[in-house]
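K.L.:
Got a structure for you, data-v9.csv, holding CSV, C-alpha atoms.
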chain,number,residue,atom,x,y,z
G,1,MET,CA,21.4,-20.5,-30.6
G,2,PRO,CA,22.6,-19.1,-27.2
G,3,GLY,CA,21.8,-15.6,-28.4
G,4,HIS,CA,18.4,-16.7,-29.7
G,5,SER,CA,17.7,-18.3,-26.3
G,6,GLY,CA,18.8,-15.1,-24.5
G,7,GLY,CA,16.5,-13.0,-26.8
G,8,GLU,CA,13.5,-15.2,-26.0
G,9,SER,CA,14.3,-15.0,-22.3
G,10,SER,CA,14.4,-11.2,-22.4
G,11,LYS,CA,11.0,-11.0,-24.2
G,12,LEU,CA,9.5,-13.5,-21.7
G,13,ARG,CA,10.7,-11.7,-18.6
G,14,PRO,CA,8.4,-8.6,-18.8
G,15,LEU,CA,5.5,-10.9,-19.4
G,16,LEU,CA,6.3,-12.9,-16.3
G,17,HIS,CA,6.8,-9.7,-14.3
G,18,GLY,CA,3.5,-8.4,-15.4
G,19,LEU,CA,1.7,-11.7,-14.7
G,20,MET,CA,3.3,-11.8,-11.2
G,21,ASN,CA,2.1,-8.2,-10.5
G,22,ILE,CA,-1.4,-8.9,-11.8
G,23,LEU,CA,-1.8,-12.1,-9.7
G,24,SER,CA,-0.2,-10.9,-6.5
G,25,ALA,CA,-2.0,-7.5,-6.5
G,26,SER,CA,-5.3,-9.1,-7.2
G,27,PHE,CA,-5.1,-12.0,-4.9
G,28,ILE,CA,-3.8,-10.1,-1.9
G,29,VAL,CA,-7.2,-8.4,-1.9
G,30,PHE,CA,-8.9,-11.8,-2.0
G,31,ALA,CA,-6.5,-13.2,0.6
G,32,ASN,CA,-7.1,-10.3,3.0
G,33,LYS,CA,-10.9,-10.5,2.6
G,34,HIS,CA,-10.8,-14.3,3.2
G,35,VAL,CA,-8.8,-13.8,6.4
G,36,LEU,CA,-11.2,-11.1,7.7
G,37,ALA,CA,-14.5,-12.6,6.5
G,38,ASN,CA,-14.1,-16.4,6.4
G,39,THR,CA,-11.6,-17.4,9.1
G,40,GLY,CA,-13.1,-15.5,12.0
G,41,PHE,CA,-9.9,-13.4,12.4
G,42,HIS,CA,-11.6,-10.0,12.5
G,43,PHE,CA,-8.6,-8.3,14.1
G,44,THR,CA,-7.8,-5.6,11.5
G,45,TYR,CA,-5.1,-3.9,13.5
G,46,ALA,CA,-3.4,-7.2,14.3
G,47,LEU,CA,-3.5,-8.3,10.7
G,48,THR,CA,-2.0,-5.0,9.5
G,49,TRP,CA,0.8,-5.3,12.1
G,50,ILE,CA,1.6,-8.8,10.9
G,51,HIS,CA,1.7,-7.5,7.3
G,52,THR,CA,4.0,-4.6,8.4
G,53,LEU,CA,6.4,-7.0,10.1
G,54,PHE,CA,6.6,-9.0,6.9
G,55,THR,CA,7.3,-5.8,5.0
G,56,LEU,CA,10.0,-4.9,7.5
G,57,VAL,CA,11.8,-8.2,6.9
G,58,GLY,CA,11.1,-8.2,3.2
G,59,MET,CA,12.7,-4.7,2.7
G,60,LEU,CA,15.8,-5.9,4.5
G,61,LEU,CA,16.0,-8.9,2.2
G,62,PHE,CA,15.4,-6.8,-0.9
G,63,SER,CA,18.2,-4.5,0.2
G,64,ARG,CA,20.5,-7.4,0.8
G,65,ALA,CA,19.7,-8.8,-2.6
G,66,GLY,CA,20.7,-5.5,-4.2
G,67,ILE,CA,17.2,-4.5,-5.4
G,68,PHE,CA,17.7,-1.1,-3.8
G,69,GLU,CA,20.3,0.6,-1.7
G,70,ALA,CA,19.3,1.4,1.9
G,71,LYS,CA,19.7,5.0,2.9
G,72,ARG,CA,19.7,6.5,6.4
G,73,LEU,CA,17.1,9.3,6.8
G,74,PRO,CA,16.4,11.7,9.7
G,75,PRO,CA,14.1,9.8,12.1
G,76,LEU,CA,12.2,12.9,13.1
G,77,LYS,CA,11.2,13.6,9.5
G,78,LEU,CA,9.9,10.1,9.2
G,79,VAL,CA,7.6,10.1,12.2
G,80,PRO,CA,4.7,12.0,10.4
G,81,LEU,CA,5.0,9.8,7.3
G,82,ALA,CA,5.1,6.6,9.3
G,83,ALA,CA,1.9,7.8,11.1
G,84,ALA,CA,0.2,8.6,7.8
G,85,TYR,CA,1.2,5.2,6.4
G,86,VAL,CA,-0.3,3.4,9.5
G,87,GLY,CA,-3.5,5.5,9.1
G,88,TYR,CA,-3.9,4.7,5.4
G,89,ILE,CA,-3.2,1.0,5.6
G,90,VAL,CA,-5.4,0.4,8.6
G,91,LEU,CA,-8.3,2.3,7.0
G,92,CYS,CA,-7.9,0.3,3.8
G,93,ASN,CA,-8.0,-3.0,5.7
G,94,LEU,CA,-11.0,-1.7,7.8
G,95,SER,CA,-12.7,-0.8,4.5
G,96,LEU,CA,-12.1,-4.3,3.1
G,97,ASN,CA,-13.4,-5.8,6.4
G,98,LEU,CA,-16.6,-3.7,6.5
G,99,ASN,CA,-17.4,-3.5,2.7
G,100,THR,CA,-17.7,-5.8,-0.3
G,101,VAL,CA,-14.7,-6.3,-2.4
G,102,GLY,CA,-16.4,-4.4,-5.2
G,103,PHE,CA,-17.0,-1.3,-3.2
G,104,TYR,CA,-13.5,-1.5,-1.8
G,105,GLN,CA,-12.1,-1.5,-5.3
G,106,ILE,CA,-14.4,1.3,-6.5
G,107,MET,CA,-13.1,3.5,-3.7
G,108,LYS,CA,-9.6,2.6,-4.9
G,109,ILE,CA,-10.5,4.0,-8.3
G,110,ALA,CA,-11.6,7.2,-6.5
G,111,VAL,CA,-8.1,7.8,-5.2
G,112,ALA,CA,-7.0,9.4,-8.6
G,113,PRO,CA,-9.6,12.2,-8.5
G,114,THR,CA,-9.0,12.7,-4.8
G,115,VAL,CA,-5.3,13.2,-5.3
G,116,ILE,CA,-6.0,15.9,-7.9
G,117,ALA,CA,-8.4,17.6,-5.4
G,118,LEU,CA,-5.7,17.5,-2.7
G,119,GLU,CA,-3.0,18.8,-5.0
G,120,LEU,CA,-5.3,21.7,-5.9
G,121,LEU,CA,-6.0,22.5,-2.2
G,122,MET,CA,-2.4,21.9,-1.0
G,123,PHE,CA,-0.2,23.1,-3.9
G,124,ARG,CA,-2.7,25.2,-6.0
G,125,LYS,CA,-1.9,22.8,-8.8
G,126,LEU,CA,-4.7,23.1,-11.4
G,127,PRO,CA,-4.9,20.3,-14.0
G,128,SER,CA,-5.9,20.9,-17.6
G,129,PRO,CA,-9.6,21.1,-18.6
G,130,ARG,CA,-9.4,17.6,-20.2
G,131,ILE,CA,-7.9,16.1,-17.1
G,132,ILE,CA,-10.7,17.6,-15.0
G,133,ALA,CA,-13.3,16.3,-17.5
G,134,SER,CA,-11.8,12.7,-17.3
G,135,VAL,CA,-11.9,12.9,-13.5
G,136,LEU,CA,-15.5,14.1,-13.6
G,137,VAL,CA,-16.3,11.0,-15.7
G,138,VAL,CA,-14.7,8.8,-13.0
G,139,CYS,CA,-16.7,10.5,-10.3
G,140,ILE,CA,-20.0,10.1,-12.2
G,141,GLY,CA,-19.2,6.4,-12.7
G,142,ILE,CA,-18.4,5.9,-9.0
G,143,ALA,CA,-21.7,7.7,-8.1
G,144,VAL,CA,-23.7,5.6,-10.4
G,145,ALA,CA,-22.1,2.4,-9.1
G,146,THR,CA,-22.5,3.2,-5.4
G,147,ILE,CA,-25.8,5.2,-5.1
G,148,SER,CA,-27.8,2.7,-7.2
G,149,ASP,CA,-26.5,-0.3,-5.1
G,150,ALA,CA,-28.8,-0.9,-2.0
G,151,GLN,CA,-26.2,-3.3,-0.6
G,152,ILE,CA,-23.7,-0.4,-0.4
G,153,ALA,CA,-26.2,2.4,0.5
G,154,SER,CA,-27.4,0.5,3.6
G,155,ASN,CA,-23.9,0.2,5.0
G,156,VAL,CA,-23.3,3.7,6.4
G,157,LEU,CA,-20.3,2.7,8.5
G,158,GLY,CA,-18.7,1.0,5.6
G,159,ILE,CA,-19.2,4.0,3.4
G,160,LEU,CA,-17.7,6.4,6.0
G,161,VAL,CA,-14.6,4.1,6.4
G,162,GLY,CA,-14.3,3.7,2.7
G,163,VAL,CA,-14.3,7.4,2.1
G,164,ALA,CA,-11.9,7.9,4.9
G,165,ALA,CA,-9.6,5.3,3.4
G,166,THR,CA,-9.7,7.0,0.0
G,167,LEU,CA,-8.9,10.4,1.6
G,168,MET,CA,-6.1,9.0,3.7
G,169,THR,CA,-4.6,7.0,0.8
G,170,ALA,CA,-4.6,10.1,-1.4
G,171,LEU,CA,-3.1,12.2,1.3
G,172,TYR,CA,-0.4,9.6,2.0
G,173,GLN,CA,0.5,9.3,-1.7
G,174,THR,CA,0.7,13.1,-2.1
G,175,TRP,CA,2.7,13.5,1.1
G,176,ALA,CA,5.1,10.6,0.3
G,177,GLY,CA,5.8,12.0,-3.1
G,178,SER,CA,6.8,15.3,-1.7
G,179,LYS,CA,8.9,13.6,1.0
G,180,GLN,CA,10.8,11.6,-1.6
G,181,LYS,CA,11.9,14.9,-3.2
G,182,GLU,CA,12.7,16.6,0.2
G,183,LEU,CA,14.7,13.7,1.5
G,184,HIS,CA,16.3,12.7,-1.9
G,185,ALA,CA,15.2,9.1,-1.5
G,186,SER,CA,13.5,6.5,-3.7
G,187,SER,CA,10.2,5.0,-2.7
G,188,PHE,CA,11.9,1.8,-1.6
G,189,GLN,CA,14.4,3.8,0.5
G,190,LEU,CA,11.7,5.8,2.1
G,191,LEU,CA,9.6,2.7,2.8
G,192,ASN,CA,12.6,0.9,4.3
G,193,ALA,CA,13.3,3.9,6.5
G,194,TYR,CA,9.9,4.4,8.0
G,195,THR,CA,8.7,0.8,8.2
G,196,PRO,CA,10.4,0.2,11.6
G,197,LEU,CA,8.6,3.2,13.1
G,198,ALA,CA,5.3,2.1,11.5
G,199,THR,CA,5.8,-1.4,13.1
G,200,VAL,CA,6.2,0.2,16.5
G,201,PHE,CA,3.2,2.4,16.1
G,202,LEU,CA,1.0,-0.5,15.0
G,203,GLY,CA,2.4,-2.6,17.9
G,204,LEU,CA,1.1,0.1,20.3
G,205,LEU,CA,-2.3,0.4,18.6
G,206,VAL,CA,-3.1,-3.4,18.6
G,207,PRO,CA,-3.6,-3.7,22.4
G,208,VAL,CA,-5.6,-0.4,22.4
G,209,PHE,CA,-8.1,-1.2,19.7
G,210,GLU,CA,-8.2,-5.0,19.7
G,211,PRO,CA,-9.9,-7.1,22.4
G,212,MET,CA,-6.7,-8.7,23.7
G,213,GLY,CA,-8.2,-11.0,26.4
G,214,TRP,CA,-5.4,-10.4,29.0
G,215,GLN,CA,-7.7,-11.6,31.8
G,216,ASN,CA,-10.1,-13.9,30.0
G,217,GLN,CA,-8.9,-15.5,26.9
G,218,GLU,CA,-12.3,-15.9,25.3
G,219,PRO,CA,-12.9,-16.9,21.6
G,220,GLY,CA,-13.6,-13.3,20.6
G,221,THR,CA,-10.2,-12.0,21.8
G,222,LEU,CA,-6.9,-12.0,20.1
G,223,LEU,CA,-5.2,-14.2,22.7
G,224,GLY,CA,-8.2,-16.5,22.9
G,225,PHE,CA,-8.6,-16.9,19.1
G,226,ARG,CA,-8.2,-20.5,17.9
G,227,TYR,CA,-5.3,-20.4,15.5
G,228,THR,CA,-5.9,-23.4,13.2
G,229,PRO,CA,-3.3,-24.3,10.6
G,230,SER,CA,-5.6,-23.1,7.8
G,231,THR,CA,-6.0,-19.7,9.5
G,232,VAL,CA,-2.3,-19.3,10.1
G,233,ALA,CA,-1.6,-20.3,6.5
G,234,ALA,CA,-4.2,-17.7,5.2
G,235,ILE,CA,-2.5,-15.0,7.2
G,236,LEU,CA,1.0,-16.0,6.0
G,237,VAL,CA,-0.2,-16.1,2.4
G,238,SER,CA,-1.7,-12.6,2.6
G,239,SER,CA,1.5,-11.3,4.2
G,240,LEU,CA,3.7,-12.8,1.5
G,241,LEU,CA,1.5,-11.5,-1.3
G,242,GLY,CA,2.1,-8.0,0.0
G,243,LEU,CA,5.9,-8.5,-0.6
G,244,PHE,CA,5.3,-9.9,-4.0
G,245,VAL,CA,3.2,-6.9,-5.0
G,246,SER,CA,6.0,-4.5,-3.9
G,247,LEU,CA,8.7,-6.5,-5.7
G,248,SER,CA,6.7,-7.1,-8.9
G,249,THR,CA,5.6,-3.5,-9.1
G,250,PHE,CA,9.3,-2.5,-9.0
G,251,LEU,CA,10.1,-5.1,-11.7
G,252,VAL,CA,7.2,-4.2,-14.0
G,253,ILE,CA,8.0,-0.5,-13.9
G,254,GLY,CA,11.6,-1.3,-15.1
G,255,ALA,CA,10.7,-3.9,-17.7
G,256,THR,CA,7.6,-2.6,-19.5
G,257,SER,CA,6.3,0.5,-21.2
G,258,SER,CA,4.0,2.9,-19.5
G,259,LEU,CA,1.1,1.8,-21.6
G,260,THR,CA,1.7,-1.9,-20.7
G,261,TYR,CA,1.9,-0.9,-17.0
G,262,ASN,CA,-1.4,0.9,-17.1
G,263,VAL,CA,-3.1,-1.9,-19.0
G,264,VAL,CA,-1.8,-4.2,-16.2
G,265,GLY,CA,-3.5,-1.8,-13.7
G,266,HIS,CA,-6.8,-2.0,-15.5
G,267,ILE,CA,-6.7,-5.8,-15.7
G,268,LYS,CA,-6.2,-5.9,-11.9
G,269,THR,CA,-9.2,-3.8,-11.3
G,270,LEU,CA,-11.4,-6.0,-13.5
G,271,ILE,CA,-10.0,-9.2,-11.9
G,272,ILE,CA,-10.7,-7.8,-8.4
G,273,LEU,CA,-14.2,-6.7,-9.3
G,274,SER,CA,-14.9,-10.1,-10.9
G,275,GLY,CA,-13.3,-12.0,-8.0
G,276,GLY,CA,-15.6,-10.2,-5.5
G,277,CYS,CA,-18.6,-11.7,-7.3
G,278,ILE,CA,-17.1,-15.1,-7.8
G,279,PHE,CA,-15.4,-15.7,-4.4
G,280,PHE,CA,-17.5,-13.6,-2.0
G,281,GLY,CA,-20.9,-13.3,-3.6
G,282,ASP,CA,-20.8,-9.6,-4.4
G,283,ALA,CA,-23.9,-8.4,-6.2
G,284,LEU,CA,-23.3,-6.8,-9.6
G,285,PRO,CA,-26.7,-5.4,-10.8
G,286,PRO,CA,-26.9,-3.7,-14.2
G,287,LYS,CA,-26.7,-0.1,-12.8
G,288,LYS,CA,-23.6,-0.9,-10.8
G,289,LEU,CA,-22.0,-2.6,-13.8
G,290,VAL,CA,-22.7,0.5,-15.9
G,291,GLY,CA,-21.3,2.7,-13.2
G,292,VAL,CA,-18.1,0.7,-13.0
G,293,GLY,CA,-17.8,0.8,-16.8
G,294,ILE,CA,-18.1,4.6,-16.8
G,295,ALA,CA,-15.5,4.9,-14.0
G,296,MET,CA,-13.1,2.6,-15.9
G,297,ALA,CA,-13.6,4.6,-19.1
G,298,GLY,CA,-12.8,7.8,-17.2
G,299,ILE,CA,-9.6,6.2,-15.7
G,300,VAL,CA,-8.5,5.0,-19.1
G,301,TRP,CA,-9.1,8.5,-20.6
G,302,TYR,CA,-7.2,10.0,-17.6
G,303,THR,CA,-4.3,7.6,-18.1
G,304,GLN,CA,-4.0,8.4,-21.8
G,305,LEU,CA,-4.1,12.2,-21.1
G,306,LYS,CA,-1.3,11.8,-18.5
G,307,LEU,CA,0.7,9.7,-20.9
G,308,ARG,CA,0.5,12.4,-23.6
G,309,GLN,CA,1.3,15.0,-21.1
G,310,SER,CA,4.5,13.2,-20.1
G,311,ALA,CA,5.6,12.5,-23.7
G,312,PRO,CA,7.3,16.0,-24.2
G,313,VAL,CA,9.3,15.4,-21.0
G,314,ALA,CA,10.6,12.1,-22.4
G,315,SER,CA,11.5,13.6,-25.8
G,316,ALA,CA,13.2,16.6,-24.1
G,317,VAL,CA,15.5,14.4,-22.1
G,318,GLY,CA,17.1,13.0,-25.2
G,319,PRO,CA,18.5,9.5,-26.1
G,320,VAL,CA,21.3,9.4,-23.5
G,321,SER,CA,20.0,6.1,-22.2
G,322,LYS,CA,17.2,3.6,-22.7
G,323,ARG,CA,14.2,5.3,-21.1
G,324,ARG,CA,10.6,4.5,-20.6
G,325,GLN,CA,7.7,6.5,-19.0
G,326,VAL,CA,6.3,5.4,-15.7
G,327,ASN,CA,2.7,4.8,-14.9
G,328,PRO,CA,1.1,8.3,-14.6
G,329,LEU,CA,-1.4,7.1,-12.0
G,330,LEU,CA,-0.1,7.3,-8.5
G,331,GLY,CA,1.1,3.8,-8.2
G,332,ASP,CA,0.0,0.5,-6.7
G,333,ILE,CA,-1.4,0.5,-3.2
G,334,GLU,CA,-2.7,-3.0,-3.2
G,335,ALA,CA,0.4,-4.0,-1.4
G,336,VAL,CA,0.7,-3.6,2.3
G,337,ALA,CA,4.0,-1.9,1.5
G,338,GLY,CA,2.1,0.6,-0.5
G,339,HIS,CA,4.7,2.9,-2.1
G,340,PRO,CA,3.4,5.7,-4.4
G,341,LYS,CA,6.0,5.6,-7.1
G,342,ALA,CA,9.3,3.8,-7.5
G,343,LEU,CA,11.1,7.1,-8.1
G,344,ASP,CA,14.2,8.8,-6.8
G,345,HIS,CA,14.4,12.5,-6.0
G,346,GLU,CA,15.2,13.5,-9.6
G,347,GLY,CA,12.0,12.0,-10.8
G,348,TRP,CA,13.5,8.8,-12.3
G,349,VAL,CA,13.2,5.2,-11.6
G,350,MET,CA,16.7,3.8,-11.0
G,351,LEU,CA,17.2,0.1,-11.5
G,352,LYS,CA,20.2,-0.7,-9.3
G,353,GLY,CA,23.1,-2.1,-11.3
G,354,SER,CA,21.4,-1.8,-14.7
G,355,GLY,CA,22.2,1.8,-15.4
G,356,ARG,CA,18.6,2.3,-16.8
G,357,ARG,CA,16.5,5.2,-15.7
G,358,VAL,CA,12.9,5.8,-16.5
G,359,VAL,CA,11.2,9.2,-16.9
G,360,ARG,CA,8.8,10.3,-14.3
G,361,SER,CA,5.4,11.5,-15.5
What does the file become when written as structure tokens?

P.N.:
Amino acid sequence: MPGHSGGESSKLRPLLHGLMNILSASFIVFANKHVLANTGFHFTYALTWIHTLFTLVGMLLFSRAGIFEAKRLPPLKLVPLAAAYVGYIVLCNLSLNLNTVGFYQIMKIAVAPTVIALELLMFRKLPSPRIIASVLVVCIGIAVATISDAQIASNVLGILVGVAATLMTALYQTWAGSKQKELHASSFQLLNAYTPLATVFLGLLVPVFEPMGWQNQEPGTLLGFRYTPSTVAAILVSSLLGLFVSLSTFLVIGATSSLTYNVVGHIKTLIILSGGCIFFGDALPPKKLVGVGIAMAGIVWYTQLKLRQSAPVASAVGPVSKRRQVNPLLGDIEAVAGHPKALDHEGWVMLKGSGRRVVRS
């Protein structure tokens, strides 16, 4: 009976991790949008700084709990990466502030083809014809979903910020991946190392770009804002959800198959798009729905191609230990923590204390 109970528990754990990741990664978008759109707290830089402070504390707690082992890295090598992190996360929050949830998520889908384009430009890495075809399907879907939507087309500033956020996110992911190899660090170790620098950078940016109200603490200023209990609670919830996304992403990668992890990613996209309509009144006309459907089909196709591509790597490694492939897409960035892949420098996920390693795609 005890063994049966343990078996049931081991089967239930991946399901709970996946559910935690789906809910936290979806609802952090809704929580951030609620703070920026409904509470009157329009201070994007300040909100991002608060999130980064929570990430700083959270990474310390995760390290103390043994989830990962902290590693000292050269500070000068971390400065550019910390600056890129600040740029990408600020632009993502600005995009969410200026755009609908639906357009924000559509631009997140656009990160995959943008990464491929950057890898081609930066590393002369040319993907296979089928990968290129799948990316073209994604791009066609995004074009149909955005060009046909008058609500999006009329928001020129929102489009520019959304495109900038996509470019910066793809650049950050590509750069962070190369830095992990260069510094021989996992994504958690890298994030833990540069988060203090990012916190300082954001702390310097807040008084520059936000109306502080040093002289006159008016309602439209950061110091003059009326911090009601509901507003403070909303900010705290959005900050905590960022930590849950980081933690659950790490747990899901270690506890599920690559196919399950990718299905989880697609479910999150559908929930976020649906939630934008339900909670924030996003319009979803037929043409936009068709465009999103085409883009999702392209992403699913792209995912399957990457899984097949990584299969020979998995079989070549051999049955030394229990291994599973990692999500071939470039990871979750819904979290404020925003790490590209939970990989160490050898291209494996290492679950501390478990001895399990998972093959990088």

K.L.:
Could you please determine the separation between atom CA of Ser134 of chain G and atom CA of Gly298 of chain G in Å, to one decimal place?

P.N.:
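Result for atom CA of Ser134 of chain G versus atom CA of Gly298 of chain G: 5.0 Å, one decimal.
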
K.L.:
If I take atom CA of Pro113 of chain G and atom CA of Val135 of chain G, how far is one from the other in Å, to one decimal?

P.N.:
5.5 Å

K.L.:
Would you mind telling me which residue in G:Lys33, G:Pro74, G:Gly58, G:Ala145 lies nearest to Leu190 of chain G when using all atoms listed in the file?

P.N.:
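Comparing G:Lys33, G:Pro74, G:Gly58, G:Ala145 against Leu190 of chain G, the winner is G:Pro74.
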
K.L.:
Please identify every residue of segment 207-226 of chain G that has at least one atom no farther than 9 Å from an atom of segment 44-55 of chain G, counting only C-alpha atoms, and for each give the shortest atom pair and the distance in Å to one decimal, arranged by chain then increasing number, as a Markdown table.

P.N.:
| residue | atom | partner | partner_atom | distance |
| --- | --- | --- | --- | --- |
| G:Pro207 | CA | G:Ala46 | CA | 8.8 |
| G:Phe209 | CA | G:Tyr45 | CA | 7.4 |
| G:Glu210 | CA | G:Tyr45 | CA | 7.0 |
| G:Leu222 | CA | G:Ala46 | CA | 8.3 |

K.L.:
Using only C-alpha atoms, can you tell me which of G:Pro127, G:Gly276, G:Gly177, G:Gly158 comes closest to Val29 of chain G?

P.N.:
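Going through G:Pro127, G:Gly276, G:Gly177, G:Gly158 one by one, the smallest distance to Val29 of chain G is for G:Gly276.
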
K.L.:
Hey, which of G:Arg72, G:Lys288, G:Lys306, G:His266 ends up closest to Ile109 of chain G? Count all atoms listed in the file.

P.N.:
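Looking at the shortest contact to Ile109 of chain G, the residue is G:His266.
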
K.L.:
Taking all atoms listed in the file into account, name the residue in G:Leu273, G:Leu240, G:Ala31, G:Ala198 that is nearest to Val90 of chain G.

P.N.:
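Counting all atoms listed in the file, the residue closest to Val90 of chain G is G:Ala198.
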
K.L.:
So, with all atoms listed in the file as the atoms that count, which of G:Ser154, G:Asn38, G:Asn192, G:Gln180 lies closest to Lys71 of chain G?

P.N.:
G:Asn192

K.L.:
Of the candidates G:Gln215, G:Gln189, G:Ser274, G:Thr231, which shows the shortest atom-to-atom distance to Ile67 of chain G, using all atoms listed in the file?

P.N.:
G:Gln189
